[in-house]
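Here is final39.cif, consisting of mmCIF, C-alpha atoms and all ligand atoms:
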```cif
data_model
#
loop_
_atom_site.label_atom_id
_atom_site.label_comp_id
_atom_site.auth_asym_id
_atom_site.auth_seq_id
_atom_site.Cartn_x
_atom_site.Cartn_y
_atom_site.Cartn_z
CA MET G 1 60.34 -64.93 -187.59
CA SER G 2 62.84 -67.26 -185.99
CA LEU G 3 66.36 -66.50 -184.83
CA LEU G 4 69.41 -68.62 -185.54
CA PHE G 5 70.19 -68.74 -181.81
CA ALA G 6 68.76 -67.24 -178.61
CA LEU G 7 70.10 -63.93 -177.33
CA ASN G 8 69.09 -62.51 -173.96
CA THR G 9 67.85 -58.93 -173.68
CA PRO G 10 69.95 -57.17 -171.01
CA SER G 11 67.73 -55.91 -168.19
CA VAL G 12 67.78 -54.14 -164.83
CA ALA G 13 65.66 -54.83 -161.73
CA ILE G 14 62.88 -52.41 -160.76
CA LEU G 15 62.43 -51.72 -157.05
CA GLY G 16 59.34 -53.41 -155.62
CA GLN G 17 58.27 -54.93 -158.93
CA ALA G 18 58.57 -58.38 -160.50
CA GLU G 19 59.03 -57.01 -164.02
CA ARG G 20 62.52 -56.02 -165.09
CA PHE G 21 63.48 -52.98 -167.18
CA PRO G 22 64.79 -54.08 -170.61
CA VAL G 23 67.86 -52.13 -171.68
CA ASN G 24 67.90 -50.71 -175.20
CA ARG G 25 71.02 -48.53 -175.19
CA ILE G 26 73.40 -47.00 -172.62
CA TYR G 27 74.39 -43.40 -173.14
CA CYS G 28 76.93 -41.65 -170.93
CA VAL G 29 77.73 -37.99 -170.34
CA GLY G 30 81.37 -36.93 -170.00
CA ARG G 31 82.47 -34.08 -167.73
CA ASN G 32 79.06 -33.06 -166.43
CA TYR G 33 80.44 -31.89 -163.05
CA ALA G 34 82.86 -28.94 -163.15
CA ALA G 35 85.12 -30.33 -160.39
CA HIS G 36 85.56 -33.62 -162.30
CA ALA G 37 86.19 -31.78 -165.59
CA ARG G 38 88.99 -29.86 -163.81
CA GLU G 39 90.54 -33.02 -162.32
CA MET G 40 90.66 -34.45 -165.88
CA GLY G 41 92.59 -31.37 -167.04
CA ALA G 42 89.68 -29.66 -168.83
CA ASN G 43 88.23 -26.18 -168.41
CA PRO G 44 84.47 -26.47 -167.80
CA GLU G 45 84.03 -22.74 -168.55
CA ARG G 46 85.16 -23.34 -172.14
CA GLU G 47 84.12 -26.93 -172.93
CA SER G 48 80.62 -28.37 -172.74
CA PRO G 49 79.88 -31.91 -171.56
CA PHE G 50 79.65 -34.53 -174.34
CA PHE G 51 78.24 -37.98 -174.98
CA PHE G 52 79.65 -41.46 -175.48
CA SER G 53 78.04 -44.87 -175.08
CA LYS G 54 78.41 -48.41 -173.79
CA PRO G 55 76.75 -51.56 -175.14
CA ALA G 56 73.51 -52.57 -173.40
CA ASN G 57 75.05 -55.81 -172.17
CA ALA G 58 77.64 -53.87 -170.12
CA VAL G 59 75.07 -53.73 -167.28
CA ALA G 60 75.87 -55.81 -164.19
CA GLU G 61 73.61 -56.66 -161.24
CA ASN G 62 73.80 -54.93 -157.86
CA GLY G 63 75.56 -57.07 -155.26
CA ALA G 64 77.70 -58.87 -157.82
CA MET G 65 81.32 -59.94 -157.55
CA LEU G 66 82.65 -58.75 -160.89
CA PRO G 67 85.68 -60.29 -162.58
CA PHE G 68 88.51 -57.74 -162.62
CA PRO G 69 88.69 -56.41 -166.21
CA SER G 70 91.49 -57.53 -168.50
CA ARG G 71 94.00 -55.25 -170.26
CA THR G 72 94.19 -52.48 -167.62
CA GLU G 73 96.54 -51.44 -164.84
CA ASP G 74 94.43 -48.38 -163.98
CA LEU G 75 90.74 -49.27 -163.53
CA HIS G 76 88.84 -46.20 -162.25
CA HIS G 77 85.47 -45.87 -160.52
CA GLU G 78 83.00 -43.18 -161.60
CA VAL G 79 79.82 -43.20 -159.48
CA GLU G 80 76.85 -41.77 -161.37
CA LEU G 81 73.14 -41.12 -161.19
CA VAL G 82 71.51 -43.19 -163.94
CA VAL G 83 68.29 -42.06 -165.64
CA ALA G 84 66.04 -44.76 -167.14
CA LEU G 85 63.82 -43.67 -170.03
CA ALA G 86 60.35 -45.01 -170.76
CA GLY G 87 57.12 -43.19 -171.11
CA GLU G 88 54.07 -42.65 -173.17
CA GLY G 89 55.02 -40.89 -176.33
CA LEU G 90 58.74 -41.63 -176.26
CA ASP G 91 58.63 -44.35 -178.90
CA ALA G 92 56.40 -42.12 -181.05
CA LYS G 93 58.63 -39.08 -180.67
CA GLY G 94 62.16 -39.63 -179.41
CA SER G 95 63.94 -36.86 -181.29
CA ASN G 96 64.29 -33.13 -180.59
CA LEU G 97 62.46 -33.34 -177.26
CA SER G 98 61.44 -30.18 -175.42
CA LEU G 99 62.44 -29.89 -171.75
CA ALA G 100 58.88 -30.85 -170.78
CA GLU G 101 58.94 -33.88 -173.10
CA ALA G 102 62.36 -34.81 -171.68
CA GLU G 103 61.02 -34.74 -168.11
CA ALA G 104 58.02 -36.84 -169.15
CA ALA G 105 60.37 -39.46 -170.65
CA VAL G 106 61.99 -40.25 -167.28
CA TYR G 107 60.79 -43.60 -165.93
CA GLY G 108 63.09 -43.69 -162.92
CA TYR G 109 66.55 -43.45 -161.43
CA ALA G 110 69.32 -45.77 -160.29
CA VAL G 111 72.89 -45.64 -159.00
CA GLY G 112 75.58 -46.90 -161.36
CA ILE G 113 79.33 -47.03 -161.80
CA ASP G 114 80.90 -46.09 -165.14
CA PHE G 115 84.01 -48.28 -164.82
CA THR G 116 86.83 -46.88 -166.95
CA ARG G 117 90.15 -48.34 -168.08
CA ARG G 118 91.83 -44.97 -167.51
CA ASP G 119 95.14 -46.07 -169.04
CA LEU G 120 93.42 -47.09 -172.29
CA GLN G 121 91.35 -43.89 -172.26
CA ALA G 122 94.53 -41.79 -171.90
CA GLN G 123 96.10 -43.62 -174.88
CA ALA G 124 92.92 -43.12 -176.93
CA LYS G 125 92.84 -39.39 -176.13
CA ASP G 126 96.53 -39.08 -176.95
CA LYS G 127 96.18 -40.82 -180.31
CA GLY G 128 92.75 -39.44 -181.23
CA ARG G 129 91.25 -42.95 -181.17
CA PRO G 130 87.77 -44.11 -180.01
CA TRP G 131 87.04 -44.77 -176.34
CA ASP G 132 85.26 -48.11 -176.73
CA THR G 133 87.89 -50.36 -175.15
CA ALA G 134 88.28 -47.84 -172.29
CA LYS G 135 84.55 -47.54 -171.54
CA GLY G 136 82.42 -50.22 -173.21
CA PHE G 137 83.79 -53.48 -171.78
CA ASP G 138 81.97 -56.37 -170.08
CA ASP G 139 80.43 -55.51 -166.69
CA SER G 140 81.54 -51.88 -167.05
CA ALA G 141 78.11 -50.57 -166.02
CA PRO G 142 76.96 -52.12 -162.71
CA ILE G 143 73.63 -50.63 -161.68
CA THR G 144 71.09 -50.86 -158.84
CA ALA G 145 67.41 -51.59 -159.20
CA ILE G 146 65.56 -48.66 -160.79
CA THR G 147 63.41 -46.55 -158.44
CA PRO G 148 60.38 -45.18 -160.34
CA ALA G 149 60.59 -41.36 -160.44
CA ARG G 150 57.40 -40.86 -158.41
CA LYS G 151 59.02 -42.76 -155.50
CA ALA G 152 62.49 -41.22 -155.77
CA GLY G 153 61.80 -37.92 -153.99
CA ALA G 154 63.58 -34.71 -154.98
CA ILE G 155 66.38 -36.28 -157.02
CA GLY G 156 67.62 -32.84 -158.12
CA GLU G 157 68.55 -32.13 -154.47
CA ALA G 158 70.19 -35.50 -153.80
CA HIS G 159 73.72 -36.09 -152.55
CA ILE G 160 75.84 -38.64 -154.48
CA SER G 161 78.84 -40.48 -153.05
CA LEU G 162 81.11 -43.48 -153.43
CA LYS G 163 83.07 -45.37 -150.78
CA VAL G 164 85.83 -47.87 -151.50
CA ASN G 165 86.46 -50.33 -148.64
CA GLY G 166 84.51 -47.95 -146.36
CA GLU G 167 86.59 -44.88 -147.26
CA LEU G 168 84.84 -41.91 -148.92
CA ARG G 169 86.30 -41.34 -152.40
CA GLN G 170 83.73 -39.31 -154.35
CA GLN G 171 80.92 -36.99 -153.40
CA GLY G 172 78.82 -34.26 -154.93
CA HIS G 173 75.28 -33.04 -155.42
CA ILE G 174 72.97 -33.73 -158.35
CA SER G 175 72.30 -29.96 -158.32
CA ASP G 176 75.96 -29.54 -159.45
CA LEU G 177 75.25 -31.15 -162.85
CA ILE G 178 76.32 -28.78 -165.65
CA TRP G 179 73.57 -30.22 -167.87
CA SER G 180 70.51 -30.90 -165.70
CA ILE G 181 68.60 -34.13 -166.28
CA PRO G 182 65.97 -32.59 -168.64
CA GLU G 183 68.67 -30.57 -170.42
CA LEU G 184 70.86 -33.58 -171.11
CA ILE G 185 67.91 -35.71 -172.32
CA ALA G 186 66.80 -32.91 -174.66
CA GLU G 187 70.38 -32.43 -175.92
CA LEU G 188 70.87 -36.20 -176.41
CA SER G 189 67.62 -36.34 -178.40
CA THR G 190 69.13 -33.99 -180.99
CA TYR G 191 71.75 -36.69 -181.78
CA TYR G 192 69.69 -39.88 -181.36
CA ARG G 193 66.09 -41.02 -181.51
CA LEU G 194 65.60 -41.98 -177.87
CA ARG G 195 63.61 -45.11 -177.07
CA CYS G 196 61.99 -46.76 -174.09
CA GLY G 197 64.72 -48.82 -172.42
CA ASP G 198 67.51 -46.28 -172.87
CA LEU G 199 69.72 -45.61 -169.84
CA ILE G 200 71.73 -42.43 -169.37
CA PHE G 201 74.76 -42.28 -167.05
CA THR G 202 74.68 -38.59 -166.13
CA GLY G 203 78.34 -37.97 -165.26
CA THR G 204 80.56 -38.37 -162.21
CA PRO G 205 81.58 -35.97 -159.43
CA SER G 206 85.29 -35.46 -158.67
CA GLY G 207 87.44 -37.98 -156.82
CA VAL G 208 87.79 -40.67 -159.49
CA ALA G 209 90.65 -43.05 -158.67
CA ALA G 210 91.99 -46.55 -159.20
CA VAL G 211 90.56 -49.72 -157.66
CA GLN G 212 92.19 -53.11 -157.07
CA PRO G 213 91.09 -56.76 -157.03
CA GLY G 214 89.16 -57.42 -153.79
CA ASP G 215 87.96 -53.84 -153.35
CA VAL G 216 84.35 -53.28 -152.23
CA LEU G 217 82.62 -50.27 -153.82
CA GLU G 218 79.50 -48.69 -152.34
CA GLY G 219 77.62 -46.05 -154.33
CA HIS G 220 74.89 -43.90 -152.83
CA VAL G 221 72.36 -41.37 -154.09
CA ASP G 222 69.75 -40.07 -151.62
CA GLY G 223 66.36 -41.70 -152.20
CA LEU G 224 67.69 -44.65 -154.24
CA GLU G 225 68.82 -48.19 -153.50
CA ALA G 226 72.53 -48.31 -152.60
CA LEU G 227 74.98 -50.01 -154.98
CA ARG G 228 77.48 -52.56 -153.65
CA ILE G 229 80.01 -54.19 -155.96
CA THR G 230 83.01 -56.38 -155.16
CA LEU G 231 85.90 -56.69 -157.61
CA GLY G 232 87.14 -60.25 -158.04
CA PRO G 233 90.67 -61.41 -158.81
CA ARG G 234 92.34 -60.79 -162.15
CA SER G 235 91.64 -63.59 -164.58
CA ARG G 236 94.72 -65.31 -165.91
MN MN G 301 81.44 -41.29 -166.51
#
```

Transcribe the structure of this file into structure tokens.
Amino acid sequence: MSLLFALNTPSVAILGQAERFPVNRIYCVGRNYAAHAREMGANPERESPFFFSKPANAVAENGAMLPFPSRTEDLHHEVELVVALAGEGLDAKGSNLSLAEAEAAVYGYAVGIDFTRRDLQAQAKDKGRPWDTAKGFDDSAPITAITPARKAGAIGEAHISLKVNGELRQQGHISDLIWSIPELIAELSTYYRLRCGDLIFTGTPSGVAAVQPGDVLEGHVDGLEALRITLGPRSR
């Protein structure tokens, strides 16, 4: 087989390894922390978290200066624990996973930001339209190197936080997730056949807010590489 033109496979670094992790798909969980669901005007007692997705080539490298996205006056940060899936058996059985199969499918963890054009998302919600332009744009998913799960320590106990220009904006604990990591993988596998190379952004704690050109964002999850992203000027 030959292709009409070359197309790069998006990929993410792996801590302490020369090989990179090829990205198949990027799934995201909405409102998986009660405090964030409340700040978005939802009632987490009545509404469950839900899924949406970004294209694989939305990933951006840790340490990058990212061009400020077009078509938004309200770009928000959402710091998130990212789960990377790969494992024996996943490509053979990626659907309807048990909690044990879901745990076995975790290759490792990373810190990511789910950048959101909040103004476009508000319009989409208002008009009942899709979220793609609000969530799935270029460089909307910067991510650190992946730490293999065996080296990541007790990720379920970890603290997650985000600073903007040195000021603490978001913080929470992975133990506050409404859907735990195995639960959300198992739930996701009832909608999609999961594959090696899938990434899952697991939801953001409260404190989401707008960022500006020139801002420096630092995301942290205990046991993982820290994320540092600088936002460049608006393109004209
Ligand atoms: Mn998010």

Write out as a ChimeraX atom specification each polymer residue whose atoms come within 10 Å of Ala13 in chain G, counting all atoms listed in the file; drop sequence neighbours fewer than 5 positions from it. /G:18-22,61-62,110,143-147

Contacts of ligand MN 301 (chain G), 10 Å or closer, only C-alpha atoms and all ligand atoms, given as a VMD selection string: chain G and resid 27 to 32 36 51 to 53 76 to 81 112 to 116 135 141 201 to 205 208

May I ask which of the residues G:Val83, G:Ile155, G:Leu4, G:Leu162 is the closest one to Asp176 in chain G, counting all atoms listed in the file? G:Ile155

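Among G:Leu7, G:Val216, G:Leu66, G:Ala104, the residue with the shortest atom-to-atom distance to Glu167 in chain G, counting only C-alpha atoms, is G:Val216.
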
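Between Pro142 in chain G and the residues G:Ala186, G:Val106, G:Leu99, G:Val111, the shortest atom-to-atom distance, using all atoms listed in the file, involves G:Val111.
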